[in-house]
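With PDB, C-alpha atoms inside, this is my_file.pdb:
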MODEL        1
ATOM      1  CA  MET A   1      -1.471  69.613  -1.869  1.00  0.00           C
ATOM      2  CA  ILE A   2       0.547  66.524  -2.561  1.00  0.00           C
ATOM      3  CA  ARG A   3       0.432  63.722  -0.079  1.00  0.00           C
ATOM      4  CA  ARG A   4       3.478  61.597   0.301  1.00  0.00           C
ATOM      5  CA  PHE A   5       3.280  57.968   1.191  1.00  0.00           C
ATOM      6  CA  ARG A   6       4.989  57.489   4.515  1.00  0.00           C
ATOM      7  CA  PRO A   7       4.525  54.032   5.904  1.00  0.00           C
ATOM      8  CA  ALA A   8       4.258  53.779   9.611  1.00  0.00           C
ATOM      9  CA  PHE A   9       6.973  51.838  11.351  1.00  0.00           C
ATOM     10  CA  TRP A  10       5.003  49.058  13.148  1.00  0.00           C
ATOM     11  CA  PRO A  11       2.583  48.218  10.327  1.00  0.00           C
ATOM     12  CA  THR A  12       5.599  47.922   8.016  1.00  0.00           C
ATOM     13  CA  VAL A  13       7.498  45.700  10.466  1.00  0.00           C
ATOM     14  CA  ILE A  14       4.480  43.378  10.676  1.00  0.00           C
ATOM     15  CA  SER A  15       3.390  43.495   7.032  1.00  0.00           C
ATOM     16  CA  VAL A  16       6.703  42.814   5.277  1.00  0.00           C
ATOM     17  CA  PRO A  17       7.482  39.509   7.085  1.00  0.00           C
ATOM     18  CA  ALA A  18       3.829  38.461   6.741  1.00  0.00           C
ATOM     19  CA  LEU A  19       4.017  39.094   2.982  1.00  0.00           C
ATOM     20  CA  ILE A  20       7.236  37.039   2.745  1.00  0.00           C
ATOM     21  CA  VAL A  21       5.637  34.157   4.656  1.00  0.00           C
ATOM     22  CA  LEU A  22       2.534  34.257   2.442  1.00  0.00           C
ATOM     23  CA  LEU A  23       4.648  34.224  -0.729  1.00  0.00           C
ATOM     24  CA  ALA A  24       6.679  31.291   0.603  1.00  0.00           C
ATOM     25  CA  LEU A  25       3.504  29.368   1.474  1.00  0.00           C
ATOM     26  CA  GLY A  26       2.034  30.041  -1.951  1.00  0.00           C
ATOM     27  CA  THR A  27       5.221  28.782  -3.629  1.00  0.00           C
ATOM     28  CA  TRP A  28       5.187  25.677  -1.441  1.00  0.00           C
ATOM     29  CA  GLN A  29       1.549  25.008  -2.390  1.00  0.00           C
ATOM     30  CA  MET A  30       2.349  25.316  -6.095  1.00  0.00           C
ATOM     31  CA  ASN A  31       5.289  22.899  -5.730  1.00  0.00           C
ATOM     32  CA  ARG A  32       3.072  20.487  -3.842  1.00  0.00           C
ATOM     33  CA  LEU A  33       0.424  20.742  -6.591  1.00  0.00           C
ATOM     34  CA  ALA A  34       3.024  19.841  -9.239  1.00  0.00           C
ATOM     35  CA  TRP A  35       4.178  16.871  -7.115  1.00  0.00           C
ATOM     36  CA  LYS A  36       0.593  15.613  -6.651  1.00  0.00           C
ATOM     37  CA  GLU A  37      -0.183  15.999 -10.350  1.00  0.00           C
ATOM     38  CA  GLY A  38       2.964  13.943 -11.078  1.00  0.00           C
ATOM     39  CA  LEU A  39       1.740  11.196  -8.732  1.00  0.00           C
ATOM     40  CA  ILE A  40      -1.662  11.148 -10.414  1.00  0.00           C
ATOM     41  CA  ARG A  41      -0.045  11.041 -13.869  1.00  0.00           C
ATOM     42  CA  ASP A  42       2.251   8.152 -12.818  1.00  0.00           C
ATOM     43  CA  PHE A  43      -0.706   6.278 -11.322  1.00  0.00           C
ATOM     44  CA  ALA A  44      -2.787   6.688 -14.495  1.00  0.00           C
ATOM     45  CA  GLU A  45       0.105   5.552 -16.706  1.00  0.00           C
ATOM     46  CA  ARG A  46       0.758   2.460 -14.571  1.00  0.00           C
ATOM     47  CA  VAL A  47      -2.882   1.435 -14.269  1.00  0.00           C
ATOM     48  CA  ASN A  48      -3.425   1.797 -18.016  1.00  0.00           C
ATOM     49  CA  ALA A  49      -0.168   0.097 -19.065  1.00  0.00           C
ATOM     50  CA  GLU A  50      -0.084  -3.451 -20.385  1.00  0.00           C
ATOM     51  CA  ALA A  51      -0.245  -5.974 -17.530  1.00  0.00           C
ATOM     52  CA  LEU A  52       3.018  -7.595 -16.462  1.00  0.00           C
ATOM     53  CA  THR A  53       3.029 -11.386 -16.702  1.00  0.00           C
ATOM     54  CA  THR A  54       5.865 -12.087 -14.263  1.00  0.00           C
ATOM     55  CA  ALA A  55       6.257 -11.177 -10.612  1.00  0.00           C
ATOM     56  CA  PRO A  56       8.741  -8.299 -10.342  1.00  0.00           C
ATOM     57  CA  PRO A  57      11.648  -8.340  -7.890  1.00  0.00           C
ATOM     58  CA  VAL A  58      10.791  -6.803  -4.540  1.00  0.00           C
ATOM     59  CA  GLY A  59      13.358  -4.030  -5.103  1.00  0.00           C
ATOM     60  CA  ALA A  60      11.460  -2.794  -8.156  1.00  0.00           C
ATOM     61  CA  LEU A  61       8.137  -2.294  -6.389  1.00  0.00           C
ATOM     62  CA  ASP A  62       8.613   1.446  -5.917  1.00  0.00           C
ATOM     63  CA  ASP A  63       8.721   1.970  -9.666  1.00  0.00           C
ATOM     64  CA  LEU A  64       5.895  -0.495 -10.346  1.00  0.00           C
ATOM     65  CA  GLU A  65       3.367   0.269  -7.620  1.00  0.00           C
ATOM     66  CA  TYR A  66      -0.163   0.312  -9.070  1.00  0.00           C
ATOM     67  CA  ARG A  67       1.038  -1.433 -12.230  1.00  0.00           C
ATOM     68  CA  ARG A  68      -1.364  -4.098 -13.450  1.00  0.00           C
ATOM     69  CA  VAL A  69      -0.151  -7.686 -13.314  1.00  0.00           C
ATOM     70  CA  ARG A  70      -1.599 -10.971 -14.579  1.00  0.00           C
ATOM     71  CA  LEU A  71      -0.017 -14.123 -13.159  1.00  0.00           C
ATOM     72  CA  SER A  72      -0.733 -17.784 -13.720  1.00  0.00           C
ATOM     73  CA  GLY A  73      -0.030 -20.316 -11.011  1.00  0.00           C
ATOM     74  CA  ARG A  74      -1.517 -21.803  -7.860  1.00  0.00           C
ATOM     75  CA  TYR A  75      -2.615 -20.419  -4.515  1.00  0.00           C
ATOM     76  CA  LEU A  76      -0.856 -21.848  -1.464  1.00  0.00           C
ATOM     77  CA  ASN A  77      -4.073 -21.828   0.577  1.00  0.00           C
ATOM     78  CA  ASP A  78      -2.496 -23.635   3.519  1.00  0.00           C
ATOM     79  CA  GLN A  79      -0.032 -20.730   3.945  1.00  0.00           C
ATOM     80  CA  GLU A  80      -2.497 -17.846   4.320  1.00  0.00           C
ATOM     81  CA  MET A  81      -1.483 -14.813   6.373  1.00  0.00           C
ATOM     82  CA  PHE A  82      -4.084 -13.142   8.568  1.00  0.00           C
ATOM     83  CA  LEU A  83      -3.599  -9.393   9.035  1.00  0.00           C
ATOM     84  CA  ALA A  84      -5.275  -8.364  12.281  1.00  0.00           C
ATOM     85  CA  GLY A  85      -6.947  -5.089  13.112  1.00  0.00           C
ATOM     86  CA  ARG A  86      -8.805  -4.576   9.837  1.00  0.00           C
ATOM     87  CA  THR A  87     -12.302  -3.137   9.740  1.00  0.00           C
ATOM     88  CA  PHE A  88     -15.039  -2.935   7.135  1.00  0.00           C
ATOM     89  CA  ASN A  89     -18.242  -0.940   7.685  1.00  0.00           C
ATOM     90  CA  GLY A  90     -17.443  -0.708  11.385  1.00  0.00           C
ATOM     91  CA  ARG A  91     -16.957  -4.476  11.835  1.00  0.00           C
ATOM     92  CA  GLY A  92     -13.684  -6.048  12.931  1.00  0.00           C
ATOM     93  CA  GLY A  93     -12.053  -8.698  10.831  1.00  0.00           C
ATOM     94  CA  TRP A  94      -9.011  -9.975   9.005  1.00  0.00           C
ATOM     95  CA  ALA A  95      -7.311  -9.202   5.717  1.00  0.00           C
ATOM     96  CA  ILE A  96      -6.418 -12.500   4.077  1.00  0.00           C
ATOM     97  CA  LEU A  97      -3.081 -12.576   2.230  1.00  0.00           C
ATOM     98  CA  THR A  98      -2.430 -15.768   0.286  1.00  0.00           C
ATOM     99  CA  PRO A  99       0.912 -16.767  -1.257  1.00  0.00           C
ATOM    100  CA  PHE A 100       0.669 -17.488  -4.973  1.00  0.00           C
ATOM    101  CA  ARG A 101       3.313 -19.633  -6.668  1.00  0.00           C
ATOM    102  CA  THR A 102       3.573 -18.614 -10.318  1.00  0.00           C
ATOM    103  CA  ASP A 103       4.157 -21.085 -13.134  1.00  0.00           C
ATOM    104  CA  ASP A 104       7.747 -19.842 -13.403  1.00  0.00           C
ATOM    105  CA  GLY A 105       8.359 -20.477  -9.682  1.00  0.00           C
ATOM    106  CA  ALA A 106       8.195 -16.907  -8.364  1.00  0.00           C
ATOM    107  CA  LEU A 107       6.168 -16.105  -5.296  1.00  0.00           C
ATOM    108  CA  ALA A 108       3.604 -13.323  -4.943  1.00  0.00           C
ATOM    109  CA  ILE A 109       1.426 -12.437  -1.985  1.00  0.00           C
ATOM    110  CA  VAL A 110      -2.161 -11.796  -3.067  1.00  0.00           C
ATOM    111  CA  ASP A 111      -4.472  -9.666  -0.940  1.00  0.00           C
ATOM    112  CA  ARG A 112      -7.651 -11.752  -1.071  1.00  0.00           C
ATOM    113  CA  GLY A 113      -9.703  -9.216   0.849  1.00  0.00           C
ATOM    114  CA  TRP A 114     -11.442  -8.806   4.179  1.00  0.00           C
ATOM    115  CA  VAL A 115     -13.332 -11.436   6.166  1.00  0.00           C
ATOM    116  CA  PRO A 116     -15.207 -11.013   9.478  1.00  0.00           C
ATOM    117  CA  LEU A 117     -13.579 -12.265  12.676  1.00  0.00           C
ATOM    118  CA  ASP A 118     -15.636 -15.469  12.670  1.00  0.00           C
ATOM    119  CA  ARG A 119     -14.511 -16.386   9.107  1.00  0.00           C
ATOM    120  CA  LYS A 120     -10.776 -16.648   9.777  1.00  0.00           C
ATOM    121  CA  ASP A 121     -10.917 -20.443   9.676  1.00  0.00           C
ATOM    122  CA  PRO A 122     -10.650 -21.520   6.019  1.00  0.00           C
ATOM    123  CA  ARG A 123     -13.329 -24.199   6.602  1.00  0.00           C
ATOM    124  CA  THR A 124     -15.878 -21.378   7.042  1.00  0.00           C
ATOM    125  CA  ARG A 125     -15.111 -19.972   3.588  1.00  0.00           C
ATOM    126  CA  GLN A 126     -14.518 -22.975   1.335  1.00  0.00           C
ATOM    127  CA  GLN A 127     -15.739 -21.060  -1.733  1.00  0.00           C
ATOM    128  CA  SER A 128     -12.741 -18.729  -1.475  1.00  0.00           C
ATOM    129  CA  LEU A 129     -10.135 -21.481  -1.495  1.00  0.00           C
ATOM    130  CA  ILE A 130      -9.307 -21.778  -5.175  1.00  0.00           C
ATOM    131  CA  GLU A 131      -7.472 -25.029  -5.900  1.00  0.00           C
ATOM    132  CA  GLY A 132      -5.493 -25.934  -9.004  1.00  0.00           C
ATOM    133  CA  PRO A 133      -4.118 -23.747 -11.770  1.00  0.00           C
ATOM    134  CA  THR A 134      -5.583 -20.267 -11.920  1.00  0.00           C
ATOM    135  CA  THR A 135      -4.837 -16.796 -13.192  1.00  0.00           C
ATOM    136  CA  VAL A 136      -4.933 -13.785 -10.904  1.00  0.00           C
ATOM    137  CA  GLU A 137      -5.055 -10.197 -12.077  1.00  0.00           C
ATOM    138  CA  GLY A 138      -4.540  -7.188  -9.880  1.00  0.00           C
ATOM    139  CA  LEU A 139      -2.386  -4.197  -9.036  1.00  0.00           C
ATOM    140  CA  ILE A 140       1.110  -4.364  -7.597  1.00  0.00           C
ATOM    141  CA  ARG A 141       1.312  -2.800  -4.158  1.00  0.00           C
ATOM    142  CA  ARG A 142       4.144  -2.354  -1.703  1.00  0.00           C
ATOM    143  CA  PRO A 143       3.694  -4.150   1.610  1.00  0.00           C
ATOM    144  CA  ASN A 144       2.338  -2.174   4.554  1.00  0.00           C
ATOM    145  CA  LEU A 145       5.270  -1.195   6.709  1.00  0.00           C
ATOM    146  CA  ARG A 146       5.336  -1.576  10.457  1.00  0.00           C
ATOM    147  CA  THR A 147       5.095   1.722  12.320  1.00  0.00           C
ATOM    148  CA  TYR A 148       6.000   2.623  15.867  1.00  0.00           C
ATOM    149  CA  PHE A 149       2.441   1.919  17.014  1.00  0.00           C
ATOM    150  CA  THR A 150       2.052  -1.391  15.152  1.00  0.00           C
ATOM    151  CA  PRO A 151       2.356  -4.429  17.438  1.00  0.00           C
ATOM    152  CA  GLU A 152       4.991  -7.045  16.683  1.00  0.00           C
ATOM    153  CA  ASN A 153       3.962  -9.807  14.292  1.00  0.00           C
ATOM    154  CA  GLU A 154       3.539 -13.263  15.808  1.00  0.00           C
ATOM    155  CA  PRO A 155       4.408 -15.583  12.902  1.00  0.00           C
ATOM    156  CA  ASP A 156       4.279 -18.725  15.074  1.00  0.00           C
ATOM    157  CA  LYS A 157       0.588 -17.972  15.696  1.00  0.00           C
ATOM    158  CA  ASN A 158       0.097 -16.742  12.098  1.00  0.00           C
ATOM    159  CA  LEU A 159      -0.930 -13.394  13.549  1.00  0.00           C
ATOM    160  CA  TRP A 160       0.295 -10.461  11.503  1.00  0.00           C
ATOM    161  CA  PHE A 161      -0.196  -6.751  12.129  1.00  0.00           C
ATOM    162  CA  SER A 162       1.907  -5.688   9.138  1.00  0.00           C
ATOM    163  CA  ALA A 163       2.567  -7.581   5.928  1.00  0.00           C
ATOM    164  CA  ASP A 164       6.131  -8.699   6.604  1.00  0.00           C
ATOM    165  CA  VAL A 165       6.529 -10.478   3.285  1.00  0.00           C
ATOM    166  CA  ASP A 166      10.243 -11.096   3.796  1.00  0.00           C
ATOM    167  CA  ARG A 167       9.569 -13.065   6.980  1.00  0.00           C
ATOM    168  CA  LYS A 168       6.651 -14.883   5.334  1.00  0.00           C
ATOM    169  CA  SER A 169       8.891 -15.771   2.386  1.00  0.00           C
ATOM    170  CA  THR A 170      11.431 -17.249   4.787  1.00  0.00           C
ATOM    171  CA  ARG A 171       8.675 -19.257   6.526  1.00  0.00           C
ATOM    172  CA  LEU A 172       7.649 -20.658   3.126  1.00  0.00           C
ATOM    173  CA  ASN A 173      11.239 -21.838   2.587  1.00  0.00           C
ATOM    174  CA  SER A 174      11.156 -20.015  -0.707  1.00  0.00           C
ATOM    175  CA  SER A 175      14.241 -19.854  -2.838  1.00  0.00           C
ATOM    176  CA  HIS A 176      12.694 -16.772  -4.443  1.00  0.00           C
ATOM    177  CA  THR A 177      12.393 -13.401  -2.819  1.00  0.00           C
ATOM    178  CA  ASP A 178      10.362 -11.906  -5.651  1.00  0.00           C
ATOM    179  CA  ILE A 179       7.256 -10.983  -3.736  1.00  0.00           C
ATOM    180  CA  SER A 180       4.604  -8.553  -4.826  1.00  0.00           C
ATOM    181  CA  ARG A 181       1.475  -7.673  -2.918  1.00  0.00           C
ATOM    182  CA  MET A 182      -1.552  -7.029  -5.061  1.00  0.00           C
ATOM    183  CA  PRO A 183      -5.290  -6.807  -4.475  1.00  0.00           C
ATOM    184  CA  SER A 184      -6.944  -9.727  -6.199  1.00  0.00           C
ATOM    185  CA  SER A 185      -9.548  -9.180  -8.849  1.00  0.00           C
ATOM    186  CA  ALA A 186     -10.247 -12.907  -9.097  1.00  0.00           C
TER
ENDMDL
END
Could you quickly redo this structure as structure tokens?
Amino acid sequence: MIRRFRPAFWPTVISVPALIVLLALGTWQMNRLAWKEGLIRDFAERVNAEALTTAPPVGALDDLEYRRVRLSGRYLNDQEMFLAGRTFNGRGGWAILTPFRTDDGALAIVDRGWVPLDRKDPRTRQQSLIEGPTTVEGLIRRPNLRTYFTPENEPDKNLWFSADVDRKSTRLNSSHTDISRMPSSA
């Protein structure tokens, strides 16, 4: 006796669309894997590339994010930006962003790191205020963008919730708009 395969109507109606959805999801996952591997490859290439020695134009930051940079110049310690709402190990504090005027006159914003709430005043952290010529090395990063939930910056109070480097550049009366944000390794 030969049995013939005769699919039932309702299991077929349910199974065929489910199979199509599963195939589509698997394809999407494979595409996403290729995209992520590309990001990792780009990151590795940029981190391992020779360090730039000039601040790139702000429009080029997308193609240079995570690229190493080594700049010589001076910190503008009196123009620090204080990013509010930053935590470290469960403690509230500030991220200190300091403008850095390069020897060729460009301006970069250097992420100097986190300080507790009671160390916002520069007099409480004199050791971090580097004066005179110095070299800073770090990674180029794009500024944090303001989201719908981010409060408005209050530049008159030097209270920043997002790194609005364009507004900070204007406040510095800079003739240069070449601003890069990079974590400091110095």
Using all atoms listed in the file, tabulate the residues of segment 100-162 of chain A lying at most 10 Å from any atom of segment 56-76 of chain A, each with its closest atom pair and that distance in Å to one decimal, by chain and increasing residue number, as a tab-separated table.
residue	atom	partner	partner_atom	distance
A:Phe100	CA	A:Tyr75	CA	4.4
A:Arg101	CA	A:Arg74	CA	5.4
A:Thr102	CA	A:Gly73	CA	4.0
A:Asp103	CA	A:Gly73	CA	4.8
A:Asp104	CA	A:Gly73	CA	8.2
A:Gly105	CA	A:Gly73	CA	8.5
A:Ala106	CA	A:Pro56	CA	8.8
A:Leu107	CA	A:Gly73	CA	9.4
A:Ala108	CA	A:Pro56	CA	9.0
A:Ile109	CA	A:Tyr75	CA	9.3
A:Val110	CA	A:Tyr75	CA	8.8
A:Leu129	CA	A:Tyr75	CA	8.2
A:Ile130	CA	A:Tyr75	CA	6.9
A:Glu131	CA	A:Tyr75	CA	6.8
A:Gly132	CA	A:Arg74	CA	5.8
A:Pro133	CA	A:Arg74	CA	5.1
A:Thr134	CA	A:Gly73	CA	5.6
A:Thr135	CA	A:Ser72	CA	4.3
A:Val136	CA	A:Leu71	CA	5.4
A:Glu137	CA	A:Arg70	CA	4.3
A:Gly138	CA	A:Val69	CA	5.6
A:Leu139	CA	A:Arg68	CA	4.5
A:Ile140	CA	A:Tyr66	CA	5.1
A:Arg141	CA	A:Glu65	CA	5.1
A:Arg142	CA	A:Leu61	CA	6.2
A:Pro143	CA	A:Leu61	CA	9.3
Note to self: Given the point (-7.5, -11.7, 9.6) in the coordinates of this file, which residues lie within 8 Å, counting only C-alpha atoms, and how would they look as a PyMOL selection string?
What the structure shows: chain A and resi 81-86+93-96+114-117+120+159
Notebook entry, point to check: At what distance in Å, to one decimal, does atom CA of Ile40 of chain A lie from atom CA of Leu25 of chain A?
Noted result: 22.4 Å
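Among A:Asn77, A:Thr54, A:Thr12, A:Asn31, the residue with the shortest atom-to-atom distance to Asp121 of chain A, counting only C-alpha atoms, is A:Asn77.
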Check: Rounded to one decimal in Å, what is the spacing between atom CA of Arg119 of chain A and atom CA of Gln79 of chain A?
Finding: 16.0 Å
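The spacing separating atom CA of Arg146 of chain A from atom CA of Ser162 of chain A amounts to 5.5 Å.
Restricting the calculation to all atoms listed in the file, the smallest distance between Lys157 of chain A and any of A:Leu39, A:Ala8, A:Glu80, A:Gly92 is found for A:Glu80.
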Have segment 149-160 of chain A completed to all heavy atoms, please, and pass it along as an mmCIF file, keeping the file's coordinate frame.
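As a result, selection-v8.cif now contains:
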data_model
loop_
_atom_site.group_PDB
_atom_site.id
_atom_site.type_symbol
_atom_site.label_atom_id
_atom_site.label_comp_id
_atom_site.auth_asym_id
_atom_site.auth_seq_id
_atom_site.Cartn_x
_atom_site.Cartn_y
_atom_site.Cartn_z
ATOM 1 N N PHE A 149 3.615 2.331 16.258
ATOM 2 C CA PHE A 149 2.441 1.919 17.014
ATOM 3 C C PHE A 149 1.917 0.535 16.620
ATOM 4 O O PHE A 149 0.979 0.041 17.220
ATOM 5 C CB PHE A 149 1.320 2.955 16.844
ATOM 6 C CG PHE A 149 1.693 4.301 17.392
ATOM 7 C CD1 PHE A 149 2.035 5.338 16.541
ATOM 8 C CD2 PHE A 149 1.736 4.522 18.753
ATOM 9 C CE1 PHE A 149 2.397 6.580 17.039
ATOM 10 C CE2 PHE A 149 2.094 5.763 19.263
ATOM 11 C CZ PHE A 149 2.425 6.786 18.411
ATOM 12 N N THR A 150 2.507 -0.081 15.602
ATOM 13 C CA THR A 150 2.052 -1.391 15.152
ATOM 14 C C THR A 150 2.653 -2.466 16.057
ATOM 15 O O THR A 150 3.873 -2.501 16.247
ATOM 16 C CB THR A 150 2.506 -1.650 13.701
ATOM 17 O OG1 THR A 150 2.075 -0.569 12.889
ATOM 18 C CG2 THR A 150 1.940 -2.950 13.176
ATOM 19 N N PRO A 151 1.809 -3.354 16.603
ATOM 20 C CA PRO A 151 2.356 -4.429 17.438
ATOM 21 C C PRO A 151 3.276 -5.344 16.631
ATOM 22 O O PRO A 151 3.228 -5.384 15.400
ATOM 23 C CB PRO A 151 1.105 -5.202 17.893
ATOM 24 C CG PRO A 151 -0.037 -4.282 17.657
ATOM 25 C CD PRO A 151 0.359 -3.388 16.531
ATOM 26 N N GLU A 152 4.094 -6.089 17.333
ATOM 27 C CA GLU A 152 4.991 -7.045 16.683
ATOM 28 C C GLU A 152 4.170 -8.177 16.074
ATOM 29 O O GLU A 152 3.186 -8.636 16.668
ATOM 30 C CB GLU A 152 5.975 -7.647 17.702
ATOM 31 C CG GLU A 152 7.035 -6.684 18.181
ATOM 32 C CD GLU A 152 8.092 -6.411 17.120
ATOM 33 O OE1 GLU A 152 8.285 -7.258 16.221
ATOM 34 O OE2 GLU A 152 8.713 -5.342 17.200
ATOM 35 N N ASN A 153 4.587 -8.638 14.900
ATOM 36 C CA ASN A 153 3.962 -9.807 14.292
ATOM 37 C C ASN A 153 4.262 -11.043 15.137
ATOM 38 O O ASN A 153 5.297 -11.115 15.801
ATOM 39 C CB ASN A 153 4.502 -10.023 12.869
ATOM 40 C CG ASN A 153 4.024 -8.967 11.917
ATOM 41 O OD1 ASN A 153 2.923 -8.458 12.034
ATOM 42 N ND2 ASN A 153 4.861 -8.626 10.953
ATOM 43 N N GLU A 154 3.345 -11.993 15.113
ATOM 44 C CA GLU A 154 3.539 -13.263 15.808
ATOM 45 C C GLU A 154 3.421 -14.391 14.792
ATOM 46 O O GLU A 154 2.392 -15.056 14.689
ATOM 47 C CB GLU A 154 2.500 -13.410 16.922
ATOM 48 C CG GLU A 154 2.597 -12.330 17.976
ATOM 49 C CD GLU A 154 1.525 -12.449 19.047
ATOM 50 O OE1 GLU A 154 1.048 -13.570 19.310
ATOM 51 O OE2 GLU A 154 1.168 -11.411 19.610
ATOM 52 N N PRO A 155 4.487 -14.616 13.992
ATOM 53 C CA PRO A 155 4.408 -15.583 12.902
ATOM 54 C C PRO A 155 4.117 -17.004 13.375
ATOM 55 O O PRO A 155 3.485 -17.773 12.648
ATOM 56 C CB PRO A 155 5.764 -15.489 12.219
ATOM 57 C CG PRO A 155 6.626 -14.650 13.074
ATOM 58 C CD PRO A 155 5.768 -13.943 14.063
ATOM 59 N N ASP A 156 4.549 -17.369 14.582
ATOM 60 C CA ASP A 156 4.279 -18.725 15.074
ATOM 61 C C ASP A 156 2.793 -18.961 15.289
ATOM 62 O O ASP A 156 2.321 -20.089 15.224
ATOM 63 C CB ASP A 156 5.054 -18.993 16.376
ATOM 64 C CG ASP A 156 6.558 -18.994 16.143
ATOM 65 O OD1 ASP A 156 6.977 -19.284 14.992
ATOM 66 O OD2 ASP A 156 7.305 -18.693 17.081
ATOM 67 N N LYS A 157 2.039 -17.875 15.533
ATOM 68 C CA LYS A 157 0.588 -17.972 15.696
ATOM 69 C C LYS A 157 -0.143 -17.562 14.416
ATOM 70 O O LYS A 157 -1.358 -17.483 14.406
ATOM 71 C CB LYS A 157 0.128 -17.054 16.839
ATOM 72 C CG LYS A 157 0.658 -17.436 18.193
ATOM 73 C CD LYS A 157 0.162 -16.445 19.217
ATOM 74 C CE LYS A 157 0.707 -16.750 20.593
ATOM 75 N NZ LYS A 157 0.277 -15.752 21.586
ATOM 76 N N ASN A 158 0.631 -17.263 13.358
ATOM 77 C CA ASN A 158 0.097 -16.742 12.098
ATOM 78 C C ASN A 158 -0.770 -15.502 12.356
ATOM 79 O O ASN A 158 -1.841 -15.344 11.803
ATOM 80 C CB ASN A 158 -0.693 -17.798 11.323
ATOM 81 C CG ASN A 158 -0.888 -17.406 9.871
ATOM 82 O OD1 ASN A 158 -0.261 -16.479 9.372
ATOM 83 N ND2 ASN A 158 -1.778 -18.089 9.201
ATOM 84 N N LEU A 159 -0.263 -14.640 13.199
ATOM 85 C CA LEU A 159 -0.930 -13.394 13.549
ATOM 86 C C LEU A 159 -0.027 -12.248 13.100
ATOM 87 O O LEU A 159 1.072 -12.080 13.630
ATOM 88 C CB LEU A 159 -1.188 -13.329 15.056
ATOM 89 C CG LEU A 159 -1.935 -12.120 15.571
ATOM 90 C CD1 LEU A 159 -3.315 -12.008 14.923
ATOM 91 C CD2 LEU A 159 -2.085 -12.211 17.084
ATOM 92 N N TRP A 160 -0.498 -11.506 12.123
ATOM 93 C CA TRP A 160 0.295 -10.461 11.503
ATOM 94 C C TRP A 160 -0.414 -9.129 11.667
ATOM 95 O O TRP A 160 -1.612 -9.039 11.475
ATOM 96 C CB TRP A 160 0.500 -10.761 10.017
ATOM 97 C CG TRP A 160 1.119 -12.093 9.771
ATOM 98 C CD1 TRP A 160 0.466 -13.294 9.745
ATOM 99 C CD2 TRP A 160 2.495 -12.389 9.555
ATOM 100 N NE1 TRP A 160 1.356 -14.299 9.516
ATOM 101 C CE2 TRP A 160 2.612 -13.777 9.388
ATOM 102 C CE3 TRP A 160 3.639 -11.606 9.468
ATOM 103 C CZ2 TRP A 160 3.828 -14.400 9.146
ATOM 104 C CZ3 TRP A 160 4.856 -12.227 9.232
ATOM 105 C CH2 TRP A 160 4.941 -13.610 9.075
#
